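**Q** Below is the file model-v2.txt, which contains compact mmCIF, C-alpha atoms.
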# COMPACT_ATOMS: atom_id res chain seq x y z
CA ASP A 1 99.89 127.79 38.62
CA LYS A 2 103.12 125.91 37.88
CA HIS A 3 104.12 125.54 41.52
CA HIS A 4 100.63 124.47 42.63
CA GLY A 5 100.21 121.70 40.06
CA ARG A 6 97.81 123.60 37.81
CA TYR A 7 99.83 122.63 34.78
CA GLU A 8 97.30 123.20 32.01
CA ASP A 9 96.52 126.68 33.34
CA ALA A 10 100.24 127.43 33.50
CA ILE A 11 100.80 126.22 29.93
CA ASN A 12 97.93 128.34 28.61
CA ARG A 13 99.24 131.45 30.33
CA TYR A 14 102.77 130.79 29.09
CA LEU A 15 101.49 130.32 25.53
CA MET A 16 99.80 133.72 25.69
CA ALA A 17 103.02 135.30 26.99
CA TYR A 18 105.06 133.54 24.29
CA ASP A 19 102.87 134.93 21.52
CA GLU A 20 103.03 138.44 22.98
CA TRP A 21 106.83 138.45 23.30
CA LYS A 22 107.29 136.95 19.85
CA ASP A 23 104.92 139.48 18.22
CA ALA A 24 106.80 142.28 20.00
CA GLY A 25 110.09 141.01 18.55
CA LYS A 26 111.51 140.14 21.99
CA PHE A 27 112.78 136.74 20.95
CA THR A 28 115.02 136.00 23.94
CA LEU A 29 112.10 136.52 26.32
CA ALA A 30 109.95 134.33 24.07
CA LEU A 31 112.63 131.62 24.28
CA ASP A 32 112.63 131.81 28.08
CA VAL A 33 108.87 131.26 28.04
CA GLN A 34 109.17 128.38 25.56
CA ASN A 35 111.59 126.68 27.95
CA GLU A 36 109.12 127.17 30.79
CA ILE A 37 106.41 125.53 28.67
CA ALA A 38 108.72 122.58 27.94
CA TRP A 39 109.53 122.23 31.65
CA VAL A 40 105.85 122.31 32.70
CA ARG A 41 104.98 119.72 30.06
CA TRP A 42 107.77 117.49 31.38
CA ARG A 43 106.55 118.01 34.94
CA SER A 44 103.01 117.03 33.97
CA GLY A 45 104.20 113.85 32.24
CA GLN A 46 103.79 115.10 28.65
CA HIS A 47 107.21 113.78 27.65
CA ALA A 48 106.81 113.85 23.86
CA ASN A 49 105.49 117.43 23.86
CA ALA A 50 108.15 118.53 26.33
CA ALA A 51 110.93 117.09 24.18
CA SER A 52 109.48 118.70 21.05
CA ASP A 53 109.27 122.11 22.73
CA ALA A 54 112.78 121.78 24.15
CA LEU A 55 114.27 120.81 20.78
CA ARG A 56 112.67 123.86 19.13
CA ALA A 57 113.93 126.08 21.94
CA GLN A 58 117.42 124.63 21.59
CA SER A 59 117.47 125.24 17.83
CA SER A 60 116.22 128.82 18.17
CA SER A 61 118.64 129.61 21.01
CA ILE A 62 121.59 128.43 18.90
CA GLU A 63 120.46 130.71 16.07
CA LEU A 64 120.21 133.67 18.45
CA GLY A 65 123.39 132.79 20.36
CA TYR A 66 121.41 132.74 23.62
CA GLY A 67 123.41 130.32 25.75
CA LYS A 68 121.23 130.22 28.84
CA ALA A 69 118.14 129.26 26.81
CA GLU A 70 120.10 126.51 25.06
CA ALA A 71 121.23 125.18 28.47
CA MET A 72 117.67 125.18 29.81
CA ALA A 73 116.44 123.32 26.74
CA LEU A 74 119.17 120.70 27.19
CA ARG A 75 118.20 120.38 30.85
CA THR A 76 114.58 119.58 29.91
CA LEU A 77 115.74 117.05 27.30
CA GLY A 78 117.81 115.42 30.04
CA LEU A 79 114.82 115.28 32.39
CA VAL A 80 112.69 113.62 29.71
CA ALA A 81 115.41 111.09 28.90
CA PHE A 82 115.88 110.28 32.60
CA ASP A 83 112.15 109.73 33.15
CA LEU A 84 112.09 107.39 30.16
CA GLY A 85 114.91 105.29 31.65
CA ASN A 86 117.72 106.58 29.40
CA ALA A 87 120.21 107.55 32.11
CA THR A 88 123.22 107.66 29.78
CA GLU A 89 121.44 109.99 27.34
CA ALA A 90 120.20 112.11 30.24
CA ARG A 91 123.71 112.40 31.60
CA SER A 92 124.98 113.66 28.25
CA TYR A 93 122.29 116.37 28.08
CA PHE A 94 122.97 117.48 31.67
CA GLU A 95 126.73 117.65 31.08
CA GLN A 96 126.21 119.81 27.97
CA SER A 97 123.79 122.05 29.87
CA PHE A 98 126.21 122.46 32.79
CA ALA A 99 129.12 123.36 30.50
CA ILE A 100 127.10 126.13 28.84
CA LEU A 101 125.92 127.50 32.21
CA VAL A 102 129.54 127.65 33.40
CA ARG A 103 130.41 129.58 30.24
CA VAL A 104 127.59 132.11 30.65
CA GLY A 105 128.07 132.41 34.41
CA ASP A 106 124.78 131.20 35.93
CA PRO A 107 125.75 129.52 39.24
CA ASN A 108 122.27 128.72 40.60
CA ASN A 109 121.22 126.93 37.42
CA GLN A 110 124.62 125.21 37.35
CA ALA A 111 123.86 123.76 40.79
CA ALA A 112 120.33 122.75 39.77
CA VAL A 113 121.65 120.88 36.72
CA LEU A 114 124.34 119.22 38.86
CA ILE A 115 121.59 117.79 41.06
CA HIS A 116 119.88 116.32 37.99
CA LEU A 117 123.24 115.04 36.73
CA ALA A 118 123.84 113.32 40.07
CA ALA A 119 120.55 111.44 39.72
CA ALA A 120 121.57 110.21 36.27
CA GLN A 121 125.02 109.24 37.55
CA GLU A 122 123.49 107.32 40.45
CA GLN A 123 121.05 105.58 38.10
CA SER A 124 124.06 104.54 35.96
CA GLY A 125 125.77 103.02 39.02
CA ASN A 126 128.31 105.84 39.46
CA ASP A 127 127.60 106.67 43.10
CA ASP A 128 130.96 108.35 43.74
CA GLN A 129 130.49 110.71 40.78
CA ALA A 130 126.95 111.43 41.97
CA ARG A 131 128.26 112.33 45.43
CA GLU A 132 130.84 114.68 43.87
CA SER A 133 128.17 116.40 41.77
CA LEU A 134 125.92 116.88 44.79
CA GLN A 135 128.79 118.24 46.92
CA GLN A 136 129.65 120.66 44.11
CA ALA A 137 126.01 121.79 43.93
CA LEU A 138 125.97 122.27 47.71
CA SER A 139 129.11 124.41 47.57
CA ILE A 140 127.60 126.61 44.84
CA TYR A 141 124.36 127.08 46.75
CA GLU A 142 126.29 127.98 49.91
CA THR A 143 128.27 130.58 47.94
CA THR A 144 125.13 132.12 46.41
CA ASP A 145 123.24 131.87 49.74
CA ASN A 146 120.44 129.93 48.06
CA ARG A 147 118.87 128.29 51.12
CA ILE A 148 116.28 126.20 49.27
CA GLY A 149 118.92 124.90 46.87
CA LYS A 150 121.24 124.15 49.79
CA ALA A 151 118.53 122.16 51.56
CA VAL A 152 117.70 120.21 48.38
CA ALA A 153 121.37 119.32 47.90
CA LEU A 154 121.69 118.24 51.54
CA GLY A 155 118.57 116.10 51.24
CA ASN A 156 119.78 114.46 48.04
CA ILE A 157 123.16 113.67 49.59
CA GLY A 158 121.29 112.11 52.51
CA GLY A 159 119.20 110.05 50.10
CA LEU A 160 122.27 108.85 48.22
CA LEU A 161 124.05 107.88 51.44
CA GLY A 162 120.92 106.08 52.62
CA ALA A 163 120.77 104.09 49.38
CA ARG A 164 124.41 103.11 49.94
CA GLY A 165 123.60 101.90 53.46
CA GLU A 166 125.54 104.69 55.20
CA LEU A 167 122.60 105.34 57.49
CA ASP A 168 124.16 107.37 60.30
CA GLN A 169 125.75 109.82 57.86
CA ALA A 170 122.56 109.95 55.79
CA LEU A 171 120.61 110.97 58.88
CA GLU A 172 123.09 113.76 59.63
CA TYR A 173 122.57 115.29 56.18
CA LEU A 174 118.79 114.96 56.43
CA GLU A 175 118.83 116.69 59.82
CA ARG A 176 120.82 119.58 58.29
CA CYS A 177 118.33 119.66 55.41
CA LEU A 178 115.38 119.80 57.82
CA ALA A 179 116.95 122.65 59.79
CA VAL A 180 116.95 124.80 56.64
CA PHE A 181 113.35 123.98 55.74
CA ASP A 182 112.33 124.69 59.33
CA ALA A 183 114.06 128.09 59.14
CA ILE A 184 112.27 129.11 55.93
CA SER A 185 108.93 127.58 56.99
CA ASP A 186 108.43 125.24 54.03
CA PRO A 187 105.94 122.66 55.39
CA ALA A 188 105.78 120.46 52.28
CA ARG A 189 109.54 119.97 52.17
CA GLN A 190 109.70 119.70 55.97
CA ALA A 191 107.26 116.79 55.84
CA LEU A 192 109.09 115.04 53.00
CA THR A 193 112.40 115.34 54.85
CA ILE A 194 110.90 114.05 58.10
CA ALA A 195 109.44 111.10 56.18
CA ASN A 196 112.89 110.32 54.75
CA MET A 197 114.39 110.53 58.24
CA ALA A 198 111.71 108.17 59.53
CA SER A 199 112.56 105.66 56.79
CA ILE A 200 116.24 105.80 57.79
CA GLU A 201 115.34 105.26 61.47
CA ASP A 202 113.17 102.32 60.41
CA ARG A 203 116.12 100.77 58.59
CA ARG A 204 118.31 101.38 61.67
CA GLY A 205 115.81 99.41 63.74
CA LYS A 206 114.78 102.50 65.71
CA TYR A 207 111.09 101.73 65.33
CA THR A 208 109.76 103.99 68.09
CA THR A 209 111.63 106.99 66.68
CA ALA A 210 110.49 106.08 63.16
CA ARG A 211 106.88 105.81 64.35
CA ASP A 212 106.98 109.24 65.99
CA LEU A 213 108.57 110.85 62.92
CA PHE A 214 106.03 109.27 60.56
CA ARG A 215 103.20 110.55 62.77
CA LYS A 216 104.73 114.04 62.74
CA CYS A 217 105.03 114.25 58.95
CA LEU A 218 101.60 112.68 58.52
CA ALA A 219 100.07 115.56 60.47
CA ILE A 220 101.81 118.06 58.19
CA PHE A 221 100.70 116.28 55.01
CA ASP A 222 97.14 116.28 56.37
CA ALA A 223 97.32 120.01 57.16
CA ILE A 224 98.53 120.94 53.66
CA GLY A 225 96.20 118.50 51.89
CA ASP A 226 98.87 116.28 50.35
CA VAL A 227 96.81 113.11 49.93
CA VAL A 228 99.42 111.25 47.86
CA ASN A 229 102.04 111.43 50.60
CA GLN A 230 99.42 110.79 53.29
CA ALA A 231 98.66 107.46 51.65
CA ARG A 232 102.34 106.58 51.43
CA VAL A 233 103.09 107.53 55.04
CA PHE A 234 100.02 105.75 56.42
CA ARG A 235 101.39 102.54 54.88
CA LYS A 236 104.91 103.13 56.19
CA LEU A 237 103.60 104.00 59.65
CA GLY A 238 101.51 100.83 59.62
CA VAL A 239 104.56 98.70 58.79
CA VAL A 240 106.58 100.29 61.61
CA ARG A 241 103.73 99.63 64.05
CA LEU A 242 103.74 96.01 62.92
CA ALA A 243 107.41 95.85 63.89
CA LEU A 244 106.52 97.33 67.31
CA GLY A 245 103.75 94.77 67.84
CA GLU A 246 101.07 97.49 67.78
CA PHE A 247 98.83 95.35 65.58
CA ALA A 248 95.49 97.11 66.11
CA GLU A 249 97.02 100.54 65.46
CA ALA A 250 98.93 99.16 62.48
CA LYS A 251 95.74 97.75 60.99
CA GLN A 252 94.00 101.12 61.30
CA CYS A 253 96.88 102.98 59.66
CA LEU A 254 97.10 100.46 56.84
CA TYR A 255 93.35 100.53 56.30
CA SER A 256 93.46 104.33 56.03
CA GLY A 257 96.34 104.02 53.58
CA SER A 258 94.43 101.48 51.49
CA LEU A 259 91.40 103.78 51.26
CA LEU A 260 93.52 106.70 50.09
CA SER A 261 95.41 104.50 47.63
CA THR A 262 92.09 103.29 46.21
CA ALA A 263 90.84 106.87 45.85
CA LEU A 264 94.08 107.79 44.07
CA ASP A 265 93.87 104.69 41.84
CA ASP A 266 97.29 103.64 43.19
CA LYS A 267 96.95 99.91 42.56
CA ASN A 268 100.42 99.03 43.81
CA GLY A 269 99.93 101.00 47.04
CA MET A 270 96.56 99.32 47.56
CA ALA A 271 98.07 95.85 47.03
CA GLU A 272 100.87 96.57 49.51
CA ALA A 273 98.38 97.83 52.10
CA LEU A 274 96.20 94.71 51.71
CA HIS A 275 99.22 92.48 52.33
CA ASN A 276 100.29 94.42 55.41
CA ILE A 277 96.73 94.42 56.81
CA GLY A 278 96.93 90.65 56.53
CA GLU A 279 100.07 90.72 58.67
CA ALA A 280 98.28 92.85 61.26
CA CYS A 281 95.40 90.35 61.33
CA VAL A 282 97.86 87.50 61.97
CA GLY A 283 99.33 89.51 64.85
CA LEU A 284 95.82 89.91 66.27
CA GLY A 285 95.13 86.19 65.85
CA ASN A 286 92.46 86.76 63.17
CA TYR A 287 93.65 84.08 60.75
CA GLU A 288 90.50 83.84 58.65
CA GLU A 289 90.54 87.60 58.07
CA ALA A 290 94.27 87.48 57.36
CA ARG A 291 93.73 84.81 54.73
CA ARG A 292 91.23 87.02 52.89
CA TYR A 293 93.62 89.98 52.84
CA PHE A 294 96.60 87.89 51.68
CA ALA A 295 94.47 86.36 48.92
CA ALA A 296 93.26 89.81 47.82
CA SER A 297 96.82 91.13 47.86
CA ALA A 298 98.08 88.20 45.77
CA ASP A 299 95.30 88.79 43.23
CA SER A 300 96.14 92.51 43.06
CA PHE A 301 99.84 91.85 42.49
CA SER A 302 98.89 89.30 39.83
CA ASP A 303 96.90 92.01 38.01
CA LEU A 304 100.00 94.23 38.24
CA GLN A 305 102.15 91.38 36.85
CA ASP A 306 104.49 91.67 39.83
CA ASP A 307 105.61 88.05 40.17
CA PHE A 308 107.82 88.60 43.21
CA ALA A 309 105.24 90.52 45.27
CA GLN A 310 102.51 88.04 44.30
CA GLY A 311 104.73 85.17 45.41
CA MET A 312 105.44 86.90 48.71
CA SER A 313 101.72 87.31 49.44
CA LEU A 314 101.13 83.69 48.48
CA VAL A 315 103.77 82.53 50.98
CA TYR A 316 101.97 84.45 53.73
CA LEU A 317 98.67 83.03 52.52
CA ALA A 318 100.10 79.51 52.54
CA ASP A 319 101.53 80.01 56.05
CA THR A 320 98.11 81.16 57.27
CA GLU A 321 96.30 78.25 55.59
CA ARG A 322 98.78 75.82 57.15
CA ASP A 323 98.03 77.28 60.60
CA LEU A 324 94.31 76.86 59.85
CA GLY A 325 94.90 73.20 58.99
CA GLU A 326 94.06 73.66 55.29
CA HIS A 327 97.04 71.70 54.02
CA ALA A 328 95.99 71.08 50.43
CA GLU A 329 95.37 74.78 49.76
CA SER A 330 98.57 75.69 51.57
CA GLU A 331 100.67 73.28 49.51
CA ALA A 332 99.21 74.56 46.26
CA HIS A 333 100.01 78.17 47.19
CA TYR A 334 103.58 77.33 48.26
CA GLU A 335 104.13 75.64 44.90
CA THR A 336 102.70 78.61 42.97
CA ALA A 337 104.87 80.99 44.98
CA LEU A 338 107.94 78.89 44.25
CA THR A 339 107.20 79.04 40.52
CA LEU A 340 106.80 82.83 40.69
CA PHE A 341 110.05 83.34 42.63
CA THR A 342 111.95 81.19 40.15
CA LYS A 343 110.48 83.27 37.33
CA ALA A 344 111.19 86.62 39.02
CA HIS A 345 114.87 85.90 39.89
CA ASP A 346 114.57 88.62 42.54
CA ASP A 347 115.48 87.40 46.03
CA PRO A 348 116.53 83.77 46.60
CA ARG A 349 115.64 84.04 50.30
CA TRP A 350 111.94 84.06 49.48
CA GLU A 351 112.37 81.06 47.22
CA ALA A 352 114.03 79.33 50.18
CA ASP A 353 111.11 80.30 52.43
CA ALA A 354 108.63 78.77 49.99
CA LEU A 355 110.70 75.59 49.80
CA ASP A 356 110.99 75.47 53.59
CA GLY A 357 107.25 75.95 54.04
CA LEU A 358 106.51 73.25 51.48
CA ALA A 359 108.96 70.83 53.10
CA ASN A 360 107.56 71.45 56.59
CA LEU A 361 104.02 71.02 55.34
CA ARG A 362 104.82 67.73 53.60
CA SER A 363 106.72 66.56 56.68
CA LEU A 364 103.70 67.42 58.82
CA GLY A 365 101.45 65.59 56.36
CA GLY A 366 103.69 62.53 56.56
CA ALA A 367 103.60 62.59 60.36
CA ILE A 368 99.79 62.83 60.36
CA ASP A 369 99.52 59.91 57.93
CA ALA A 370 101.84 57.83 60.10
CA ALA A 371 99.81 58.65 63.21
CA MET A 372 96.58 57.70 61.45
CA ASP A 373 98.09 54.40 60.35
CA PHE A 374 99.21 53.76 63.96
CA PHE A 375 95.76 54.41 65.44
CA GLN A 376 93.98 52.42 62.74
CA ALA A 377 96.28 49.51 63.47
CA GLY A 378 94.95 49.60 67.04
Could you quickly redo this structure as structure tokens?

**A**
Amino acid sequence: DKHHGRYEDAINRYLMAYDEWKDAGKFTLALDVQNEIAWVRWRSGQHANAASDALRAQSSSIELGYGKAEAMALRTLGLVAFDLGNATEARSYFEQSFAILVRVGDPNNQAAVLIHLAAAQEQSGNDDQARESLQQALSIYETTDNRIGKAVALGNIGGLLGARGELDQALEYLERCLAVFDAISDPARQALTIANMASIEDRRGKYTTARDLFRKCLAIFDAIGDVVNQARVFRKLGVVRLALGEFAEAKQCLYSGSLLSTALDDKNGMAEALHNIGEACVGLGNYEEARRYFAASADSFSDLQDDFAQGMSLVYLADTERDLGEHAESEAHYETALTLFTKAHDDPRWEADALDGLANLRSLGGAIDAAMDFFQAG
């Protein structure tokens, strides 16, 4: 149940097991189950309940002198803190957990906690420390011959290197990661790794390779019924096809992604898809249709209170309206976009684009007025 996302069923079964072990006086086994309950509650987004369970497990494990249970409770507290944006607190919990696991001699859980610690270190801006933690985890997994753990560590190192812009090296680690998942026939992780490789190839400008990889992982996600990742990959594949000039195919991919995002109530994914469909329509020369999609995207990002993304869609909308000769509407949207970019303080390049579009539009308006004056003067 736990590994297939049936979290409530898993919790109910664990609660029954917890009561049985506790009634039988097998308190260490009951603590192991309590930690499992805390982990499942964290995994299902029940952060307050997960933290409460983990704190009780930690207290009981200290009383019993059961180090491994205390370490697992600290791990769950770290996961909750990380999800809530408290990277420094999460790091402290993970470091305490790791130290206990070293003391009790549990190498596989040591490596697992190191991977969580690396995420907290990266979130805190300590990329070099994160890389060291991941390399240490990889070494442990290689020693214990834990192939899944080894692949996870390789994939995380690839992700970290990709975030740092070291794309060639990132791809090497992801390829090593994929080889392991291929060997153990783990389709879900195969597809996720292929999707990450496709994203790296996209960033390298290798759009044809990225397209083929996205199509490959999309087929796997479809076969295993992973709708969430299907929606995400449809959008990414659509964007890559835009870069390749395959506008009709891009539009179809993005439309499929928007339908899945709508079904999943993923409002941000739906807004992104609407914007990108607008780009595909521009590529196909369908400016009226493009305008509708850009307007819908801007409205969606407004509902999400994403000033930067709304401004970006408004710039595209203004560009399209300018090309349609609707200068008043275009000017108003450039000005709104400029206000949003100034407010967001995100990327000054987009603010410059809005200013450039506004300046060009006003220059064009001035030229038209001058021409009209000339013809009226005879």

**Q** May I have the protein, DNA and RNA residues with any atom at most 12 Å from the point (125.6, 112.3, 31.8), counting all atoms listed in the file, written as a PyMOL selection string?

**A** chain A and resi 74-75+77-79+81-82+86-99+113-126+129-130+133

**Q** Kindly provide, as lines of an AutoDock Vina configuration file, the centre and edge lengths (Å, one decimal) of an axis-aligned box around all atoms of segment 266-271 of chain A given in the file, with 5 Å on each side.

**A**
center_x = 98.5
center_y = 99.7
center_z = 45.1
size_x = 13.9
size_y = 17.8
size_z = 15.0

**Q** Could you jot down the atom CA of Val233 of chain A to atom CA of Ser258 of chain A separation for me, Å, one decimal place?

**A** 11.1 Å

**Q** Excluding Ile200 of chain A and its own-chain neighbours fewer than 5 positions away, which residues fall within 7 Å of it when counting only C-alpha atoms? Please give them as a list in words.

**A**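 Counting only C-alpha atoms, the residues come to Gly162, Leu167 and Leu171 of chain A.
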
**Q** What is the atom CA of Gly238 of chain A-atom CA of Ser256 of chain A distance in Å, reported with one decimal?

**A** 9.5 Å

**Q** Counting all atoms listed in the file, I want the residues whose atoms come within 10 Å of (92.4, 97.9, 57.5) in the file frame, returned as a ChimeraX atom specification.

**A** /A:238,248-259,273-274,276-278,280-281,293

**Q** Would you list the contacts of Phe214 of chain A as a ChimeraX atom specification, taking every protein, DNA or RNA residue within 8 Å and counting only C-alpha atoms, but skipping same-chain residues closer than 3 positions in sequence?

**A** /A:194-195,198,210-211,217-218,233,236-237

**Q** I'd like the interatomic distance between atom CA of Val239 of chain A and atom CA of Thr209 of chain A, to a tenth of an Å.

**A**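 Separation between atom CA of Val239 of chain A and atom CA of Thr209 of chain A: 13.5 Å.
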
**Q** Smallest atom-to-atom distance to Ala219 of chain A: which of A:Gln305, A:Gln190, A:Ala57, A:Gly269, using all atoms listed in the file?

**A**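 Smallest distance to Ala219 of chain A is found for A:Gln190.
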
**Q** For each of A:Asn360, A:Gln230, A:Ser44, A:Ser199, take the minimum atom-to-atom distance to Asp319 of chain A, counting all atoms listed in the file, then give the residue where this is smallest.

**A**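 The shortest atom-to-atom distance to Asp319 of chain A comes from A:Asn360.
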
**Q** Point out the residue among A:Ala354, A:Ala271, A:Ala296, A:Ile157 with the least atom-to-atom distance to Gly311 of chain A, counting only C-alpha atoms.

**A**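 Using only C-alpha atoms, Gly311 of chain A sits closest to A:Ala354.
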
**Q** Looking at A:Trp21, A:Tyr66, A:Tyr7, A:Tyr14, which one is nearest to Val40 of chain A, with distances taken over all atoms listed in the file?

**A**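 So, comparing all the options, the nearest one is A:Tyr7.
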
**Q** Just want the 7 Å neighbourhood of Leu178 of chain A, counted on all atoms listed in the file, with same-chain residues fewer than 4 positions away dropped. Output as a PyMOL selection string.

**A** chain A and resi 174+182+190+193

**Q** Find the spatial neighbours of Ala137 of chain A, counting only C-alpha atoms, within a cut-off of 10 Å - ignore same-chain residues fewer than 2 positions away - and output them as a CSV table (one decimal) with C-alpha atoms, in the coordinates of the input.

**A**
chain,number,residue,atom,x,y,z
A,107,PRO,CA,125.8,129.5,39.2
A,108,ASN,CA,122.3,128.7,40.6
A,109,ASN,CA,121.2,126.9,37.4
A,110,GLN,CA,124.6,125.2,37.4
A,111,ALA,CA,123.9,123.8,40.8
A,112,ALA,CA,120.3,122.8,39.8
A,113,VAL,CA,121.6,120.9,36.7
A,114,LEU,CA,124.3,119.2,38.9
A,115,ILE,CA,121.6,117.8,41.1
A,118,ALA,CA,123.8,113.3,40.1
A,131,ARG,CA,128.3,112.3,45.4
A,132,GLU,CA,130.8,114.7,43.9
A,133,SER,CA,128.2,116.4,41.8
A,134,LEU,CA,125.9,116.9,44.8
A,135,GLN,CA,128.8,118.2,46.9
A,139,SER,CA,129.1,124.4,47.6
A,140,ILE,CA,127.6,126.6,44.8
A,141,TYR,CA,124.4,127.1,46.8
A,142,GLU,CA,126.3,128.0,49.9
A,143,THR,CA,128.3,130.6,47.9
A,149,GLY,CA,118.9,124.9,46.9
A,150,LYS,CA,121.2,124.2,49.8
A,152,VAL,CA,117.7,120.2,48.4
A,153,ALA,CA,121.4,119.3,47.9
A,154,LEU,CA,121.7,118.2,51.5

**Q** Could I get segment 84-101 of chain A rebuilt with N, CA and C atoms, written as a CSV table (one decimal), in the frame of the given file?

**A**
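Once written, out.csv looks like this:
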chain,number,residue,atom,x,y,z
A,84,LEU,N,112.3,108.5,31.1
A,84,LEU,CA,112.1,107.4,30.2
A,84,LEU,C,113.1,106.3,30.3
A,85,GLY,N,114.0,106.4,31.3
A,85,GLY,CA,114.9,105.3,31.6
A,85,GLY,C,116.2,105.3,30.9
A,86,ASN,N,116.5,106.5,30.2
A,86,ASN,CA,117.7,106.6,29.4
A,86,ASN,C,118.7,107.4,30.2
A,87,ALA,N,119.3,106.8,31.2
A,87,ALA,CA,120.2,107.6,32.1
A,87,ALA,C,121.5,108.0,31.4
A,88,THR,N,122.0,107.3,30.5
A,88,THR,CA,123.2,107.7,29.8
A,88,THR,C,122.9,108.9,28.9
A,89,GLU,N,121.8,108.8,28.2
A,89,GLU,CA,121.4,110.0,27.3
A,89,GLU,C,121.2,111.2,28.2
A,90,ALA,N,120.5,111.0,29.3
A,90,ALA,CA,120.2,112.1,30.2
A,90,ALA,C,121.5,112.7,30.7
A,91,ARG,N,122.4,111.9,31.1
A,91,ARG,CA,123.7,112.4,31.6
A,91,ARG,C,124.4,113.3,30.6
A,92,SER,N,124.4,112.9,29.3
A,92,SER,CA,125.0,113.7,28.2
A,92,SER,C,124.3,115.0,28.1
A,93,TYR,N,123.0,115.1,28.2
A,93,TYR,CA,122.3,116.4,28.1
A,93,TYR,C,122.6,117.3,29.3
A,94,PHE,N,122.7,116.7,30.5
A,94,PHE,CA,123.0,117.5,31.7
A,94,PHE,C,124.4,118.0,31.6
A,95,GLU,N,125.3,117.2,31.2
A,95,GLU,CA,126.7,117.6,31.1
A,95,GLU,C,126.9,118.8,30.1
A,96,GLN,N,126.2,118.7,28.9
A,96,GLN,CA,126.2,119.8,28.0
A,96,GLN,C,125.6,121.1,28.6
A,97,SER,N,124.5,120.9,29.3
A,97,SER,CA,123.8,122.0,29.9
A,97,SER,C,124.7,122.7,30.9
A,98,PHE,N,125.3,121.9,31.7
A,98,PHE,CA,126.2,122.5,32.8
A,98,PHE,C,127.4,123.2,32.2
A,99,ALA,N,128.0,122.7,31.1
A,99,ALA,CA,129.1,123.4,30.5
A,99,ALA,C,128.7,124.7,30.0
A,100,ILE,N,127.6,124.8,29.4
A,100,ILE,CA,127.1,126.1,28.8
A,100,ILE,C,126.8,127.1,30.0
A,101,LEU,N,126.2,126.6,31.1
A,101,LEU,CA,125.9,127.5,32.2
A,101,LEU,C,127.2,128.0,32.9
